[in-house]
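A.B. asks: Okay, here's the structure, questions in a sec.
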Amino acid sequence: MDVILFLVFAIIAVVSAVNVVVQTHPISSAVSLIGVMGSLAVLYLLLGGEFIAAAQVIVYAGAVMVLFIFVILLLNAGAESKSGRSFMVQLLGVPLLIALLGLLAFFVQRLFPRGVSVHFGGFTGGTAQAVGKALFTTYLLPFEVTSLLILIAILGAIVLARKEID
Amino acid sequence: MNAFIVISIIKAAVVAFVLLTAVAYLQWVERKVIAHIQVRMGPYRVGPHGLLQPLADVIKLITKEDLVPPYVNKPLYLFAPFIAVCMALLAIAVIPFGPTINVAGYSTWMQLTDLNIGVLYILAASSMGVYGIALAGWASNNKYALIGGLRSSAQMISYELPMAIAIASPLLLSNTLSLRELVGTQAGGIWHWNVLRGPFPQIISFIVFLIAAFAETNRVPFDLPEAENELVAGFHVEYSSMKFASFFMAEYLNMVTVSAMATLLFLGGWDPLWPAQYGSNLIPTVIFLIAGLTALYHAANPARKMDKYTFPAFGIVFLILAGIFLLPIVQSWLLPLFWFCAKTGAILFAFIWVRGTLPRFRYDQLMRFAWKFMFPVAMLNLLVTSFLVAWVS
């Protein structure tokens, strides 16, 4: 059952991810990106990371992508026109892609040897309590440093926006 | 395992049927209440007191011509109402209506399923619901619809923040994310409900949550996405027939979900006002007894022509209902259901009441209110609550 669900949502994720690049209209790309985020949430859920799955939907699919769509609607962005592919892209595109996928497959094979398979229900440390405890004990310093980094980014955004208005 | 699947399917069917009927009649209640606020009669023609009006509306909406304008973005135009209704229905799946019931030897919860991240699940479903409106506005290829979608997405992002922070404070008191356990921690009378519970009563976050809920469901006074005098009808201006009805249904379903959430988070879910050993079991009986006796009194002194026939009938129905609430067999599940429906219904009535009372906000007022008032208040409330919870424990 979980293998079927994994395959279905993995395929949806990959197809939507390809669609993000292929579509010419920004809205269609954004909607495909929501598909990627949603199927990733299901994959997290299958791995036992229920809190991460909910956070993925609320933050990425729910907030970040709404903001993306809001900006696209606000600027009323039209479809982009496809420029012709250059000679180098036509010549090297497919071989390079195959080489990259081959390298990735090789490293995954070497890093994660056979026999260590993940199965549904095997991991139980993904509850909200477990994540909260980990964030506030083991990973307290990285967590606080990251929050500080985000705060600085927000302040920077406000300063830059102020300059535009004045 | 088999019995589990059968029970789940039956429960899902019952919840879906009851919910959709309730949504149809919620609209009738809304029209009636607004009418009486404005000293009118409201729907009166179809059935007694317009009681069959929802049925007539459904038939009208189904049989209307389903028009797809030629200039729309077809895939997204068709997808938008679907996603709006889907996300609204999804959220209902984790809402508990009462404790366990026994049917033919099987014991089951009055809830479709309980997640230990139930609160987050509802937040996720409601945050996905905005795509229905935003995409409908864009795909319609119409400037009014586009502005409606734009306003809606901006409003949703802004009000989701105070709403989520307002939800966090009662969760600190209850210390769980499961909606079923959330009600369990509030058992034992009104002074144990999160809205009045120590160390810090959550009255402020209850009010912030309700205001944000009005904005999240696009209701008056925050119904800018469909402001008639500026945008014709806003995001659904190009939709007709059942596609229009889907948006309508989604709005009312969201209202029910949000009211149920307020009941579960702040008002103790299906717990009675005070514990059963002090006689709270008799409250529904007393209410229906008073209603029945009043009806019978008016039947004895008829003011209008038909009162001789209608009032005795209603009086007897109310007295029978009062008797049913006394039967020990049904009391175990009927009483929790009564309390849950009473609390949710009271909040839904507040939704309608506000619609009949307040004018619409201006857009800049809406944004200023969210960011400069609601957000700091919710944040301060969360801060005080967490300090007090940490100090007490």
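Chain labels follow the order of the structure tokens: the first chain is A, the next B, and so on; residue numbering restarts at 1 in every chain, and ligands are counted from 1 in their shown order.
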Taking only C-alpha atoms into account, find every residue of chain A that has an atom no more than 6 Å from chain B, and write it out as a ChimeraX atom specification.

C.D. replies: /A:57-58,62

A.B. asks: Which polymer residues have any atom within 7 Å of an atom of stretch 36-40 of chain A, counting only C-alpha atoms, with same-chain residues fewer than 6 positions away left out, as a PyMOL selection string?

C.D. replies: chain A and resi 9+12-13+16-17+57+60-61

A.B. asks: Hey, can you check how far atom CA of A:Leu91 sits from atom CA of A:Phe107?

C.D. replies: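 Taking atom CA of A:Leu91 as the start and atom CA of A:Phe107 as the end point, the length is 26.0 Å.
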
A.B. asks: Can you tell me, as a PyMOL selection string, what residues are no more than 10 Å from stretch 125-131 of chain A when counting only C-alpha atoms, ignoring any on the same chain fewer than 2 positions away?

C.D. replies: (chain A and resi 44-45+47-54+122-123+133-136) or (chain B and resi 116-117+120+175-177)

A.B. asks: Please save N, CA and C atoms of the selected residues as a compact mmCIF listing (two decimals), in the first residue's frame.

C.D. replies:
# COMPACT_ATOMS: atom_id res chain seq x y z
N TYR A 44 6.62 13.03 2.75
CA TYR A 44 7.06 13.19 4.14
C TYR A 44 6.16 12.39 5.08
N LEU A 45 4.86 12.45 4.80
CA LEU A 45 3.88 11.74 5.63
C LEU A 45 4.16 10.24 5.59
N LEU A 47 6.96 8.85 5.18
CA LEU A 47 8.19 8.57 5.92
C LEU A 47 7.98 8.69 7.43
N GLY A 48 6.81 9.18 7.85
CA GLY A 48 6.55 9.33 9.28
C GLY A 48 6.79 10.74 9.80
N GLY A 49 7.11 11.68 8.92
CA GLY A 49 7.34 13.06 9.37
C GLY A 49 6.07 13.86 9.27
N GLU A 50 5.11 13.61 10.20
CA GLU A 50 3.79 14.22 10.06
C GLU A 50 3.84 15.73 10.29
N PHE A 51 4.67 16.16 11.25
CA PHE A 51 4.74 17.60 11.50
C PHE A 51 5.36 18.32 10.30
N ILE A 52 6.43 17.72 9.74
CA ILE A 52 7.07 18.33 8.58
C ILE A 52 6.09 18.38 7.41
N ALA A 53 5.26 17.33 7.27
CA ALA A 53 4.29 17.31 6.18
C ALA A 53 3.31 18.47 6.32
N ALA A 54 2.77 18.65 7.55
CA ALA A 54 1.82 19.74 7.77
C ALA A 54 2.48 21.08 7.54
N GLY A 122 8.17 2.91 10.20
CA GLY A 122 9.46 2.58 10.77
C GLY A 122 10.06 3.71 11.59
N PHE A 123 9.62 4.93 11.32
CA PHE A 123 10.18 6.11 11.98
C PHE A 123 9.07 6.80 12.76
N LYS A 133 10.92 19.18 20.75
CA LYS A 133 11.96 18.86 21.72
C LYS A 133 13.33 18.95 21.07
N ALA A 134 13.45 18.40 19.84
CA ALA A 134 14.74 18.43 19.16
C ALA A 134 15.18 19.87 18.89
N LEU A 135 14.22 20.71 18.46
CA LEU A 135 14.57 22.10 18.13
C LEU A 135 15.03 22.86 19.35
N PHE A 136 14.43 22.59 20.53
CA PHE A 136 14.75 23.40 21.70
C PHE A 136 15.79 22.78 22.62
N ASN B 116 -3.04 13.27 15.13
CA ASN B 116 -2.38 13.97 16.24
C ASN B 116 -1.80 15.30 15.79
N ILE B 117 -2.05 15.69 14.53
CA ILE B 117 -1.74 17.05 14.11
C ILE B 117 -3.00 17.71 13.57
N LEU B 120 -3.16 21.48 12.90
CA LEU B 120 -2.33 21.88 11.76
C LEU B 120 -2.98 21.45 10.45
N ASN B 175 -1.98 21.72 25.61
CA ASN B 175 -0.80 20.90 25.41
C ASN B 175 -1.03 19.70 24.49
N THR B 176 -1.83 19.89 23.43
CA THR B 176 -2.02 18.82 22.44
C THR B 176 -2.43 19.44 21.12
N LEU B 177 -2.21 18.71 20.01
CA LEU B 177 -2.66 19.18 18.71
C LEU B 177 -3.83 18.36 18.18

A.B. asks: Find, counting only C-alpha atoms, the residue in A:Val108, A:Val59, A:Ile72, A:Val94 that gets nearest to B:Ala164.

C.D. replies: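 Looking only at the distances to B:Ala164, the closest residue turns out to be A:Val59.
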
A.B. asks: To test your reading of the structure, identify every residue in stretch 35-159 of chain A that backbone DSSP assigns to helix (DSSP H, G or I), and report it as a count of residues only.

C.D. replies: 93

A.B. asks: Set the distance at 6 Å and use only C-alpha atoms: which residues neighbour stretch 302-317 of chain B once local chain neighbours fewer than 6 positions away are removed? I'd like the list as a PyMOL selection string.

C.D. replies: chain B and resi 292+295-296

A.B. asks: Please indicate the distance in Å from atom CA of A:Thr146 to atom CA of B:Ala370, rounded to one decimal place.

C.D. replies: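 One can read the atom CA of A:Thr146 to atom CA of B:Ala370 distance as 26.3 Å.
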
A.B. asks: Excluding same-chain residues fewer than 2 positions from B:Asn254, what lies within 12 Å of it counting only C-alpha atoms, as number ranges by chain?

C.D. replies: B: 19-20, 23, 84-92, 122-123, 125-130, 213-219, 246-252, 256-261, 348, 351

A.B. asks: In Å, how far is it from atom CA of B:Pro54 to atom CA of B:Val39?

C.D. replies: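 According to the coordinates, atom CA of B:Pro54 and atom CA of B:Val39 are separated by 21.5 Å.
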
A.B. asks: I'd like the neighbourhood of stretch 382-388 of chain B as a VMD selection string, where a residue qualifies if any of its atoms comes within 7 Å (using only C-alpha atoms), though same-chain residues fewer than 2 positions away should be ignored.

C.D. replies: chain B and resid 165 169 172 199 to 200 378 to 380 390 to 392

A.B. asks: Pick out the closest residue to B:Leu319 from this set: B:Pro284, B:Val18, B:Pro162, B:Val46. Count only C-alpha atoms.

C.D. replies: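 With only C-alpha atoms as the atom set, the closest residue is B:Pro284.
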
A.B. asks: Between A:Ala79, A:Leu46, A:Gln56, A:Val3, which one has atoms that come closest to A:Val22, using only C-alpha atoms?

C.D. replies: A:Ala79

A.B. asks: Would you kindly return, as a VMD selection string, each protein, DNA or RNA residue with an atom no farther than 9 Å from any atom of B:Cys341, considering only C-alpha atoms and excluding same-chain residues fewer than 4 positions away?

C.D. replies: chain B and resid 97 260 270 336 to 337 345 to 346

A.B. asks: Which of stretch 41-271 of chain B end up as strand (DSSP E or B) when DSSP is run on this backbone - answer as a PyMOL selection string?

C.D. replies: chain B and resi 98-103+106-110

A.B. asks: Counting only C-alpha atoms, figure out which residue out of B:Ile5, B:Pro221, B:Ala145, B:Gly50 gets nearest to B:Val237.

C.D. replies: B:Ala145
